[in-house]
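J.: Sending over a structure as C-alpha cells; questions will come in a sec.
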Amino acid sequence: MRLFLATIICILGFGRSIACTVPPVVGANRGTTGTICVGVADTLTNDTTGGIWVSGDTTIIRINRATGIFMPLRAGVDTIRYILSDTCGADTAVVVITVNPLPGVFISSSLSVGSYTTFSVASGTSVSLSGVAATRRGTTDTLNGVAVGNAILLLTSSAGCLMLDTIQVDSFPIVGPIIVPSSIHGCVGNSGTLIDSTRGGSWSTSTPAIVTVTATSGALRLLSPGIGIITYTYRGSTLNGWSAVRITVDQTPTAITGPSRFCVNDTMAYATDRYWSVFSSTRMGVNWTSSDTTVLKFLPGSGSLDSAVSLHYGSAVITATSQNTGCFVTMNVSIDTVPVIAPLTASPTTLCSGQSSIVHVNVPTGVWRVTNTSTGTVSPSGIFTGFAAGTDTVIYTITNTCGAFSQSIGFTINPIPSISVITGPTTIYTGTPVTLNNATPGGTWSSSNTAVATVGSTTGVVTPVSVGLTNISYTLSNSFGCSNFVTIPEEIRYPVGVLEVPNANGVKVYPVPCTESLNVTLPELTSNSVEELTVFDAYGRNAFHSFFNGANQTNNLFVLDVKDWATGVYVLELRNQGQVLKTMFVKQ
C-alpha cells in the first residue's frame, strides 16, 4: 500500500523519535525486459532517479550501479533490481532478463588453397558465407579453400543471436632454389655457406653424420662420404614452404706425410704416393703438384722429388689430388738456406763503465750473447751495456734446419774515476757563504738551482741567494774522457734568532722563540688607514694573511695563533700606506 499520512512518526533506537517524510516510491523500469544475446550491451533506466542497479547473478549480467548500462556475459536468467532508499525506507523495481547463447562454431583445421575444412554448429542455427576466399559445399558443413584471403562465416541462432567467424585461407610459400657455392667441392673436410633467395627461413639436415648445417646461417661442413640431404624451410602464416638439395660427399686423400722443411740442394722423397679410399674401398692413385716448380718439382705420377732439379730458397704448396674423386689435400713446404747475417754495427764501440750502445743487425730472429759476462751484458733487443773496465764481444746467432751462422762485434769499456764524498753542512743560512770540500782533487763544482745558491766551480764556496733547495755536485773526469760525480743536497734558510731587519721600526714580536702564540705590536693606525699583515715560511710560502682597519681597531696588539705551525724561521711583513716593515721570528 503506497498511501501514507503526510507525516509519520519513525521510532528509532534509544527511545528517540523523529518526524520524516513519505518513504520513496520507485517508478517504472525502461529498457530490455525480455531476452538478449551474450555480448550485446544495453541500458536500463527508471522513471525515478537517485537509485542503484543490482544484478542477482553477476556471472550472467554485469551492470553499472549508477548508469544502468549492462553486459550479458553468459547464457542464463538474471533478476535486475532498481533500489531507491532514504532514512525512512526503500522501494524496489524488478526486471527479469533472459540471456541467450551465441551460436558456437568449430573449425576443424586451418584452410589452404585447394583443401577443405569442416565446421559444426548447434541445431537450428542458420549459416551464411561471404567473400571469395572460400566456398561452401551446398548446405553441408564443409568449406573449400579457393583463393588466398579471408572468408566471413555468419551464424544466426534460433533465438536470433549472431556470430561472425573469420576463415583465413593461405597458400604454401614459394621458396627459391638453394645455391651451393663453388667453394664446396663435395670432399670430406670442405665447408662453405648455402644460400637461398627466400630470406627468413631455417636450414636443417636429415643426414647429420654426413653433413652438418647451421640453422640460421646455412654454414655447411662435409663430414664423411655419402649423400647429404639439406632442407631449407620457410614458415608462412599457416603453411610452410621448403626446398632441398642433395650433396654428394667424396672421400678426401689422407693427410700428406713427410718433411715440411728442406735445405737448398737437398733431394728426398715423400713417404707415400698412394692412399686408401674409404669411399671406394679400393686403392686409388693421387696426382702430385707443386705451386712453384722453381722451388721444388715432383717426378711425374710420383710423390718423389725430381733429383735433376735442385731445391731453391722459398716456399711452395704441394697438393695430392685423388684421380678418382678430384678431392685433394695440401701441405706447405719451406726451402731454407744457411742463414746469412750482415756484419754487426754499433756506435760507439768504446764506452765508459755504465754506458750502453745499440747493436744493429739486418735479420731480427736470432739470439744475442756476450763472451765476457764480467764486463758487459746484452739485452734481447741488442742493447749492450758495459759495467766494468775491460773488453767484451757481442755475438748474434741465427739457427734453422740448415745450420747456424753468427756475426760479432767488439767493445772496449773504460773505467770511470773514483771520487770521494762531499763534506760540509747541508743547511746554509742566507747571508753566510760556506765552503764544501772533496778529498779527490781536479773536479769542478756546480749548482742545480742557481736562483737558490751558486757555487765556485773550483773553490766549492756556496753563496746563498734565496731560501729554497738545491743540489751541489762535484764532477771529475779521467784521461779516457769518462766522468763520475757526487752530489750533496743543500737547504737555504733564514738565520735563526734574527728578530729585526731594516724597516722593522714600529713592529715588535714576542716571545721569540714562540710555541703557542705570537704577540704582534702594530704601529698606530689612523681612522682611514689599512694595514696588510703577511707571514711567510722559510721557503717563501704564505702562512698567514690579514688586513687591519684603523677605524675599528681598539688597540695595536694582535695575537697570532701558531701552535699548529711547523717549526722553523718565519718572516712577518707589514704593509701600510706604501711602507713595508719586516721582521723575523722562530717557531719551536
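In the C-alpha cells, chains take letters A, B, ... by order of appearance, with residues numbered from 1 within each chain and ligands from 1 in the order shown.
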If we count only C-alpha atoms, what is near Asn478 (chain A) at a cut-off of 10 Å, once residues fewer than 5 positions away on the same chain are taken out, given as a PDB file with N, CA and C atoms, in the first residue's frame?

T.:
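Output saved as selection10.pdb:
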```
ATOM      1  N   ASN A 414     135.961   1.505 -20.738  1.00  0.00           N
ATOM      2  CA  ASN A 414     136.934   2.244 -19.933  1.00  0.00           C
ATOM      3  C   ASN A 414     136.368   2.520 -18.544  1.00  0.00           C
ATOM      4  N   PRO A 415     137.251   2.634 -17.530  1.00  0.00           N
ATOM      5  CA  PRO A 415     136.759   2.867 -16.167  1.00  0.00           C
ATOM      6  C   PRO A 415     136.354   4.323 -15.963  1.00  0.00           C
ATOM      7  N   ILE A 416     135.471   4.546 -14.993  1.00  0.00           N
ATOM      8  CA  ILE A 416     135.135   5.902 -14.568  1.00  0.00           C
ATOM      9  C   ILE A 416     135.967   6.230 -13.343  1.00  0.00           C
ATOM     10  N   PRO A 417     136.325   7.504 -13.123  1.00  0.00           N
ATOM     11  CA  PRO A 417     137.198   7.838 -11.988  1.00  0.00           C
ATOM     12  C   PRO A 417     136.504   7.591 -10.654  1.00  0.00           C
ATOM     13  N   SER A 418     137.308   7.200  -9.674  1.00  0.00           N
ATOM     14  CA  SER A 418     136.802   7.046  -8.313  1.00  0.00           C
ATOM     15  C   SER A 418     136.798   8.420  -7.642  1.00  0.00           C
ATOM     16  N   GLY A 442     140.894  17.958  -8.556  1.00  0.00           N
ATOM     17  CA  GLY A 442     140.779  18.024 -10.011  1.00  0.00           C
ATOM     18  C   GLY A 442     139.360  18.117 -10.537  1.00  0.00           C
ATOM     19  N   GLY A 443     138.369  18.131  -9.668  1.00  0.00           N
ATOM     20  CA  GLY A 443     136.983  18.189 -10.129  1.00  0.00           C
ATOM     21  C   GLY A 443     136.445  19.604 -10.199  1.00  0.00           C
ATOM     22  N   SER A 483     133.537  10.287 -16.897  1.00  0.00           N
ATOM     23  CA  SER A 483     133.254  11.177 -15.776  1.00  0.00           C
ATOM     24  C   SER A 483     132.496  10.440 -14.695  1.00  0.00           C
ATOM     25  N   ASN A 484     132.672  10.990 -13.463  1.00  0.00           N
ATOM     26  CA  ASN A 484     131.913  10.499 -12.322  1.00  0.00           C
ATOM     27  C   ASN A 484     131.590  11.707 -11.449  1.00  0.00           C
TER      28      ASN A 484
END
```

J.: Among region 142-208 of chain A, which residues does DSSP mark as strand (DSSP E) when it is run on the backbone? Keep the chain and numbering as in the structure and answer as a ChimeraX atom specification.

T.: /A:142-145,149-156,162-170,178-179,191-193,195-196,202-205

J.: If you count only C-alpha atoms, which residues fall within 10 Å of Thr48 (chain A), apart from same-chain ones fewer than 6 positions away, as JSON, numbers by chain?

T.: {"A": [24, 25, 26, 27, 28, 29, 82, 84]}

J.: What lies within 7 Å of region 143-152 of chain A using only C-alpha atoms, ignoring chain neighbours under 5 positions off, as an MDAnalysis selection string?

T.: chainID A and resid 111:118 129:137 164:171

J.: To one decimal place, how far is CA of Phe119 (chain A) from CA of Arg74 (chain A) in Å?

T.: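 Atom-to-atom, CA of Phe119 (chain A) and CA of Arg74 (chain A) are spaced 22.5 Å apart.
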
J.: Counting only C-alpha atoms, what is within 8 Å of Ser517 (chain A), bar same-chain residues fewer than 6 positions away, as a list in words?

T.: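 Once the adjacent positions are removed, what remains is Val559, Leu560, Asp561, Val562 and Lys563 of chain A.
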
J.: Hey, what's within 8 Å of Thr330 (chain A) if we count only C-alpha atoms and toss same-chain stuff fewer than 6 positions away? As a list in words, please?

T.: Ala255, Ile256, Val317, Ile318, Thr319 and Ala320 of chain A

J.: Quick one: residues within 7 Å of Thr248 (chain A), only C-alpha atoms counted, chain neighbours fewer than 3 positions away excluded, as a list in words?

T.: Gly186, Gly226, Ile227 and Gly228 of chain A

J.: Find the distance between CA of Asp564 (chain A) and CA of Pro489 (chain A) and write it in Å to one decimal.

T.: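 Taking CA of Asp564 (chain A) and CA of Pro489 (chain A), their separation equals 27.6 Å.
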
J.: Pick out the closest residue to Ile229 (chain A) from this set: A:Leu581, A:Ile210, A:Cys88, A:Ala389. Count only C-alpha atoms.

T.: A:Ile210

J.: Please report the interatomic distance between CA of Pro343 (chain A) and CA of Ala388 (chain A) in Å with one decimal.

T.: 25.5 Å
